[in-house]
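**Q** Here you go, protein.txt (compact mmCIF, C-alpha atoms):
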```txt
# COMPACT_ATOMS: atom_id res chain seq x y z
CA MET A 26 -79.82 -44.66 -23.09
CA PRO A 27 -83.50 -45.23 -24.04
CA ARG A 28 -85.59 -43.33 -26.57
CA ALA A 29 -89.27 -42.44 -26.67
CA LYS A 30 -91.56 -41.29 -29.47
CA ALA A 31 -92.87 -37.81 -28.71
CA ASN A 32 -94.60 -35.33 -31.01
CA GLY A 33 -93.22 -37.07 -34.08
CA MET A 34 -89.68 -37.02 -32.66
CA GLU A 35 -87.42 -39.71 -31.25
CA ILE A 36 -86.36 -38.28 -27.90
CA GLU A 37 -83.26 -39.62 -26.14
CA TYR A 38 -83.70 -39.59 -22.37
CA ASP A 39 -82.24 -40.88 -19.13
CA THR A 40 -83.57 -41.32 -15.60
CA PHE A 41 -82.32 -41.26 -12.00
CA GLY A 42 -84.05 -42.50 -8.86
CA SER A 43 -87.17 -44.54 -8.21
CA PRO A 44 -90.09 -44.42 -10.69
CA GLY A 45 -92.33 -44.54 -7.64
CA HIS A 46 -91.25 -41.03 -6.60
CA PRO A 47 -92.71 -37.78 -7.96
CA ALA A 48 -91.26 -37.05 -11.40
CA LEU A 49 -88.95 -34.10 -12.02
CA LEU A 50 -88.25 -33.20 -15.65
CA LEU A 51 -85.00 -31.40 -16.50
CA VAL A 52 -85.00 -29.30 -19.69
CA MET A 53 -81.66 -28.09 -21.05
CA GLY A 54 -80.80 -24.99 -23.06
CA LEU A 55 -79.77 -23.80 -26.50
CA GLY A 56 -77.59 -26.31 -28.34
CA ALA A 57 -76.89 -28.14 -25.09
CA GLN A 58 -77.29 -31.84 -24.51
CA MET A 59 -79.00 -33.53 -21.58
CA THR A 60 -75.55 -34.49 -20.31
CA THR A 61 -75.07 -30.83 -19.38
CA TRP A 62 -77.28 -31.81 -16.44
CA ARG A 63 -74.37 -33.61 -14.83
CA PRO A 64 -75.06 -37.06 -13.32
CA GLU A 65 -74.00 -35.92 -9.84
CA PHE A 66 -76.55 -33.08 -9.97
CA CYS A 67 -79.28 -35.47 -11.14
CA THR A 68 -78.40 -38.00 -8.43
CA ALA A 69 -78.54 -35.29 -5.77
CA LEU A 70 -82.04 -34.36 -6.95
CA ALA A 71 -83.07 -38.01 -6.89
CA GLU A 72 -81.84 -38.21 -3.30
CA GLN A 73 -84.39 -35.51 -2.47
CA GLY A 74 -87.12 -37.99 -3.39
CA PHE A 75 -87.62 -37.32 -7.10
CA PHE A 76 -87.70 -39.56 -10.16
CA VAL A 77 -85.48 -37.42 -12.36
CA VAL A 78 -85.83 -37.41 -16.15
CA ARG A 79 -83.38 -35.59 -18.40
CA PHE A 80 -83.57 -35.60 -22.20
CA ASP A 81 -82.09 -34.23 -25.40
CA ASN A 82 -84.26 -31.58 -27.03
CA ARG A 83 -85.02 -32.03 -30.71
CA ASP A 84 -82.05 -30.94 -32.85
CA SER A 85 -79.57 -31.59 -30.03
CA GLY A 86 -77.69 -34.58 -28.69
CA LEU A 87 -79.05 -37.91 -29.90
CA SER A 88 -82.69 -36.90 -30.40
CA THR A 89 -84.24 -36.38 -33.83
CA GLY A 90 -82.66 -33.66 -35.94
CA LEU A 91 -84.44 -31.60 -38.57
CA ASP A 92 -81.58 -31.20 -41.01
CA GLY A 93 -83.99 -31.58 -43.92
CA HIS A 94 -85.34 -28.12 -43.09
CA GLY A 95 -82.00 -26.46 -43.74
CA VAL A 96 -80.52 -23.59 -41.75
CA PRO A 97 -82.72 -20.53 -41.07
CA ASP A 98 -81.46 -17.09 -42.04
CA ILE A 99 -81.11 -15.50 -38.60
CA GLY A 100 -80.81 -12.04 -40.12
CA ALA A 101 -84.16 -12.52 -41.86
CA VAL A 102 -85.74 -13.79 -38.63
CA LEU A 103 -84.48 -10.73 -36.77
CA ARG A 104 -86.09 -8.58 -39.46
CA GLY A 105 -89.41 -10.33 -38.85
CA ASP A 106 -89.42 -12.95 -41.62
CA THR A 107 -90.03 -16.24 -39.81
CA SER A 108 -91.07 -18.23 -42.89
CA GLY A 109 -87.86 -20.27 -42.78
CA VAL A 110 -88.20 -21.27 -39.11
CA PRO A 111 -89.32 -24.91 -38.92
CA TYR A 112 -90.56 -24.92 -35.32
CA ARG A 113 -91.17 -22.76 -32.26
CA LEU A 114 -90.65 -23.14 -28.53
CA ALA A 115 -94.26 -24.31 -28.31
CA ASP A 116 -93.33 -27.33 -30.44
CA MET A 117 -90.44 -28.10 -28.12
CA ALA A 118 -92.78 -27.79 -25.13
CA GLN A 119 -95.08 -30.26 -26.86
CA ASP A 120 -92.11 -32.63 -27.19
CA ALA A 121 -91.66 -32.44 -23.41
CA ALA A 122 -95.36 -32.97 -22.73
CA ASP A 123 -95.47 -35.98 -25.05
CA LEU A 124 -92.31 -37.42 -23.49
CA LEU A 125 -94.05 -37.39 -20.12
CA GLY A 126 -97.00 -39.13 -21.72
CA ALA A 127 -94.77 -41.75 -23.31
CA LEU A 128 -93.26 -42.47 -19.90
CA ASP A 129 -96.73 -42.75 -18.29
CA ILE A 130 -96.05 -39.68 -16.14
CA PRO A 131 -99.28 -37.66 -15.77
CA ALA A 132 -97.48 -34.58 -14.41
CA ALA A 133 -94.01 -33.58 -13.24
CA HIS A 134 -92.10 -30.90 -11.44
CA VAL A 135 -90.31 -29.08 -14.27
CA VAL A 136 -86.89 -27.43 -14.09
CA GLY A 137 -85.51 -25.66 -17.16
CA ALA A 138 -82.21 -23.84 -17.72
CA SER A 139 -81.71 -21.01 -20.23
CA MET A 140 -83.70 -21.98 -23.37
CA GLY A 141 -84.88 -24.91 -21.26
CA GLY A 142 -86.44 -22.37 -18.91
CA MET A 143 -88.29 -20.86 -21.88
CA ILE A 144 -89.53 -24.31 -22.89
CA ALA A 145 -90.57 -25.02 -19.29
CA GLN A 146 -92.49 -21.73 -19.17
CA GLN A 147 -94.24 -22.56 -22.45
CA LEU A 148 -95.01 -26.05 -21.15
CA VAL A 149 -96.85 -24.76 -18.08
CA ILE A 150 -98.69 -22.16 -20.20
CA ASP A 151 -99.80 -24.65 -22.89
CA HIS A 152 -100.12 -27.79 -20.77
CA PRO A 153 -100.77 -26.72 -17.17
CA GLU A 154 -102.08 -30.19 -16.32
CA ARG A 155 -98.59 -31.60 -16.96
CA VAL A 156 -96.73 -29.32 -14.52
CA LEU A 157 -96.76 -29.67 -10.72
CA SER A 158 -94.22 -26.92 -10.05
CA LEU A 159 -91.93 -24.76 -12.17
CA CYS A 160 -88.31 -23.74 -11.74
CA SER A 161 -86.88 -21.42 -14.40
CA ILE A 162 -83.10 -21.03 -14.19
CA MET A 163 -81.04 -18.30 -15.95
CA SER A 164 -83.87 -17.69 -18.40
CA THR A 165 -86.24 -14.95 -19.52
CA THR A 166 -89.80 -14.25 -20.65
CA GLY A 167 -89.38 -13.56 -24.36
CA ASP A 168 -89.78 -9.82 -23.81
CA ARG A 169 -86.91 -8.50 -25.93
CA SER A 170 -86.31 -5.58 -23.54
CA VAL A 171 -85.12 -7.87 -20.72
CA GLY A 172 -82.57 -10.65 -20.38
CA ARG A 173 -80.30 -9.23 -23.05
CA ALA A 174 -76.79 -10.57 -23.56
CA SER A 175 -73.71 -8.42 -23.08
CA GLU A 176 -71.52 -7.60 -26.08
CA ARG A 177 -68.77 -9.81 -24.65
CA ALA A 178 -71.13 -12.78 -24.38
CA ARG A 179 -72.59 -12.25 -27.86
CA ALA A 180 -69.09 -12.22 -29.30
CA VAL A 181 -68.37 -15.82 -28.26
CA MET A 182 -71.68 -17.41 -29.29
CA PRO A 183 -71.62 -19.65 -32.39
CA GLY A 184 -71.95 -17.80 -35.67
CA PRO A 185 -72.56 -18.82 -39.29
CA ASP A 186 -69.06 -20.29 -39.56
CA ALA A 187 -69.52 -22.70 -36.62
CA ALA A 188 -70.29 -25.65 -38.91
CA SER A 189 -66.99 -25.20 -40.76
CA LEU A 190 -64.73 -25.48 -37.70
CA ASP A 191 -62.54 -28.54 -37.35
CA ARG A 192 -62.42 -30.56 -34.13
CA ASP A 193 -59.73 -28.42 -32.50
CA GLY A 194 -61.59 -25.27 -33.48
CA VAL A 195 -64.86 -26.51 -32.01
CA ILE A 196 -63.16 -27.41 -28.74
CA ALA A 197 -61.27 -24.11 -28.51
CA ALA A 198 -64.43 -22.11 -29.22
CA GLY A 199 -66.40 -24.11 -26.66
CA VAL A 200 -63.80 -23.61 -23.95
CA ARG A 201 -63.61 -19.89 -24.68
CA ARG A 202 -67.40 -19.56 -24.63
CA ALA A 203 -67.73 -21.47 -21.34
CA ALA A 204 -65.08 -19.28 -19.73
CA VAL A 205 -66.72 -16.04 -20.87
CA ILE A 206 -70.34 -16.81 -19.96
CA GLY A 207 -69.53 -18.88 -16.86
CA SER A 208 -69.66 -17.73 -13.26
CA PRO A 209 -66.97 -15.16 -12.36
CA GLY A 210 -67.40 -16.01 -8.69
CA TYR A 211 -66.97 -19.74 -9.33
CA PRO A 212 -64.37 -20.13 -12.09
CA VAL A 213 -63.71 -23.57 -13.58
CA ALA A 214 -60.20 -24.66 -14.52
CA GLU A 215 -59.49 -24.64 -18.24
CA ASP A 216 -58.61 -28.36 -18.22
CA ALA A 217 -62.01 -29.19 -16.73
CA LEU A 218 -63.79 -27.01 -19.29
CA ARG A 219 -61.88 -28.69 -22.12
CA GLU A 220 -62.80 -32.12 -20.80
CA ARG A 221 -66.52 -31.23 -20.70
CA VAL A 222 -66.50 -29.62 -24.14
CA THR A 223 -64.66 -32.59 -25.64
CA ALA A 224 -67.06 -35.10 -24.09
CA ALA A 225 -70.04 -33.19 -25.49
CA LEU A 226 -68.44 -33.02 -28.93
CA ASP A 227 -67.71 -36.74 -28.93
CA ARG A 228 -71.34 -37.49 -28.08
CA ALA A 229 -72.90 -35.22 -30.73
CA HIS A 230 -72.12 -32.09 -32.73
CA ARG A 231 -75.17 -30.31 -34.15
CA PRO A 232 -74.29 -26.73 -35.21
CA ASP A 233 -77.21 -26.49 -37.66
CA GLY A 234 -79.56 -27.72 -34.94
CA TYR A 235 -78.25 -24.95 -32.71
CA THR A 236 -79.20 -22.39 -35.37
CA ARG A 237 -82.70 -23.84 -35.76
CA GLN A 238 -83.19 -23.77 -31.97
CA TYR A 239 -82.00 -20.15 -31.85
CA ALA A 240 -84.42 -19.29 -34.64
CA ALA A 241 -87.20 -20.96 -32.62
CA ILE A 242 -86.43 -18.66 -29.68
CA LEU A 243 -86.47 -15.57 -31.89
CA ALA A 244 -89.68 -16.57 -33.67
CA SER A 245 -91.61 -17.36 -30.49
CA PRO A 246 -93.85 -14.76 -28.84
CA ASP A 247 -93.39 -13.01 -25.52
CA ARG A 248 -94.64 -15.29 -22.72
CA THR A 249 -95.29 -12.54 -20.15
CA ALA A 250 -99.08 -12.53 -20.54
CA GLY A 251 -99.23 -16.32 -20.43
CA LEU A 252 -97.08 -16.44 -17.31
CA ARG A 253 -99.64 -14.33 -15.47
CA SER A 254 -102.03 -17.29 -15.66
CA VAL A 255 -99.59 -19.74 -14.03
CA THR A 256 -100.92 -21.12 -10.75
CA VAL A 257 -98.29 -23.73 -9.81
CA PRO A 258 -95.50 -22.91 -7.32
CA THR A 259 -92.79 -21.12 -9.28
CA LEU A 260 -89.14 -20.55 -8.45
CA VAL A 261 -86.86 -18.38 -10.59
CA VAL A 262 -83.10 -18.82 -10.15
CA HIS A 263 -80.65 -16.40 -11.72
CA GLY A 264 -77.06 -15.32 -11.42
CA GLU A 265 -76.38 -11.70 -10.62
CA ASP A 266 -73.40 -11.86 -13.02
CA ASP A 267 -75.06 -13.62 -15.97
CA GLY A 268 -73.64 -12.06 -19.14
CA LEU A 269 -75.67 -14.16 -21.59
CA VAL A 270 -79.13 -13.67 -20.10
CA ASP A 271 -79.08 -10.56 -17.94
CA ARG A 272 -80.65 -10.89 -14.48
CA SER A 273 -83.50 -8.66 -15.67
CA GLY A 274 -84.82 -11.70 -17.52
CA GLY A 275 -85.14 -13.64 -14.29
CA GLU A 276 -86.59 -10.66 -12.47
CA ALA A 277 -89.22 -10.21 -15.19
CA THR A 278 -90.11 -13.92 -15.07
CA ALA A 279 -90.64 -13.90 -11.31
CA ALA A 280 -92.65 -10.68 -11.53
CA ALA A 281 -94.92 -12.11 -14.24
CA VAL A 282 -95.93 -15.25 -12.30
CA PRO A 283 -98.32 -14.65 -9.39
CA GLY A 284 -96.43 -15.57 -6.24
CA GLY A 285 -93.23 -16.27 -8.16
CA GLU A 286 -90.13 -16.53 -5.97
CA LEU A 287 -86.84 -15.01 -7.17
CA LEU A 288 -83.54 -16.45 -5.95
CA LEU A 289 -80.45 -14.50 -7.02
CA PHE A 290 -76.87 -15.69 -6.55
CA PRO A 291 -73.94 -13.23 -6.50
CA GLY A 292 -71.03 -14.42 -8.62
CA MET A 293 -73.17 -16.81 -10.66
CA GLY A 294 -73.06 -16.44 -14.42
CA HIS A 295 -74.65 -18.57 -17.14
CA ASP A 296 -73.88 -22.01 -15.74
CA LEU A 297 -74.57 -24.11 -12.65
CA PRO A 298 -71.55 -23.89 -10.33
CA GLU A 299 -71.05 -27.02 -8.23
CA ALA A 300 -70.67 -24.90 -5.10
CA LEU A 301 -74.26 -23.70 -5.56
CA TRP A 302 -75.81 -27.10 -6.23
CA PRO A 303 -76.87 -27.69 -2.61
CA SER A 304 -78.60 -24.32 -2.42
CA ILE A 305 -80.30 -24.71 -5.80
CA ILE A 306 -81.40 -28.30 -5.14
CA THR A 307 -82.77 -27.38 -1.71
CA ALA A 308 -84.70 -24.49 -3.26
CA VAL A 309 -86.10 -26.71 -6.03
CA ALA A 310 -87.24 -29.31 -3.46
CA ARG A 311 -88.79 -26.62 -1.27
CA ASN A 312 -90.66 -25.16 -4.23
CA ALA A 313 -91.90 -28.61 -5.25
CA SER A 314 -93.14 -29.27 -1.72
CA ARG A 315 -95.46 -26.28 -2.06
CA ALA A 316 -97.34 -28.23 -4.73
CA GLY A 317 -98.49 -30.70 -2.07
```
Can the structure from this file be put into structure tokens for me?
**A**
Amino acid sequence: MPRAKANGMEIEYDTFGSPGHPALLLVMGLGAQMTTWRPEFCTALAEQGFFVVRFDNRDSGLSTGLDGHGVPDIGAVLRGDTSGVPYRLADMAQDAADLLGALDIPAAHVVGASMGGMIAQQLVIDHPERVLSLCSIMSTTGDRSVGRASERARAVMPGPDAASLDRDGVIAAGVRRAAVIGSPGYPVAEDALRERVTAALDRAHRPDGYTRQYAAILASPDRTAGLRSVTVPTLVVHGEDDGLVDRSGGEATAAAVPGGELLLFPGMGHDLPEALWPSIITAVARNASRAG
């Protein structure tokens, strides 16, 4: 896959569809690689008439890592000491903006999932000229009172010992996490989960990068006020059964954006069930069409 220089980073990216079509940028979430946007999903979007771009965020996948900055003390960050946090979501949004520039794309429809939704929100706030339409999926505004994870979901997220796990331990933890935060109405067989987790591990394993990304989320400000200035068509997609980012995060996002549309799916958790792809893709295309 190709790479592009963006904001001082080397960003690994991939594309689907014709470069002559309107661009659609996919932004993935915390610790996740661009391959989490599965090729079949990307192809289906391209068939709607988009030039689809997916990429690895900094500190994930095959893009530049910032291991020289060490691992932030999450406890200290939670207590308000952000001095050890090397970057913020705004820096990651700048990465996305500069990637578009490197690809000679003046502006794109932007779709972000989870932390990717936060980055997409920050992108349209900081660089409105780069965003034609916005779709924020299973994400939240940065207001700490909404979008909170359940105790069960928090219990399976990577902790300080994640970097010490051996291969079998990483796979087992990933499968368990996917099962817990996934969609109760659309369960995935354990064998399929193991195959996906193993493929991701074989491509890249960046536990320290995960911690730095998490610290970036915690150290970034609430976006609610900024979202009130958004003028592009905005769609918010959320699962009614999301245990990692409660549906209140999606509701708050849609409420903050003037004219924001909220699309809730019963049985959907913190993933993108294949059975819902047609509905989500149709909604994304419809939202993009409102941009003219």
**Q** Pick from A:Ser189, A:Ala313, A:Glu220, A:Ala250: nearest to Ala48 in chain A, with only C-alpha atoms counted?
**A**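 When distances to Ala48 in chain A are compared using only C-alpha atoms, the smallest one comes from A:Ala313.
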**Q** Have a look at CA of Ile99 in chain A and CA of Tyr239 in chain A and let me know their distance in Å, one decimal.
**A**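 Interatomic distance here is 8.2 Å.
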**Q** Using only C-alpha atoms, give me every residue within 10 Å of (-77.8, -23.4, -37.5) in file coordinates, as number ranges by chain.
**A** A: 56, 84, 92, 95-99, 183-188, 231-240
**Q** Please provide the set of residues having any atom within 7 Å of Ala133 in chain A, restricted to only C-alpha atoms, with same-chain residues fewer than 6 positions apart removed, written as JSON, numbers by chain.
**A** {"A": [47, 48, 49, 50, 155, 156, 157]}
**Q** Using only C-alpha atoms, which of A:Ala241, A:Ala31, A:Val195, A:Val257 sits nearest Arg315 in chain A?
**A**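 Of A:Ala241, A:Ala31, A:Val195, A:Val257, the one nearest Arg315 in chain A is A:Val257, counting only C-alpha atoms.
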**Q** Taking only residues of range 71-146 of chain A that have an atom at most 12 Å from an atom of range 279-303 of chain A, what is each one's shortest atom pair and its distance in Å to one decimal, using all atoms listed in the file, in chain and number order, as a tab-separated table?
**A**
```
residue	atom	partner	partner_atom	distance
A:Glu72	CA	A:Pro303	CA	11.7
A:Gln73	CA	A:Pro303	CA	10.8
A:Gly137	CA	A:Leu297	CA	11.9
A:Ala138	CA	A:Asp296	CA	8.8
A:Ser139	CA	A:His295	CA	8.1
A:Met140	CA	A:His295	CA	11.5
A:Gln146	CA	A:Val282	CA	10.1
```
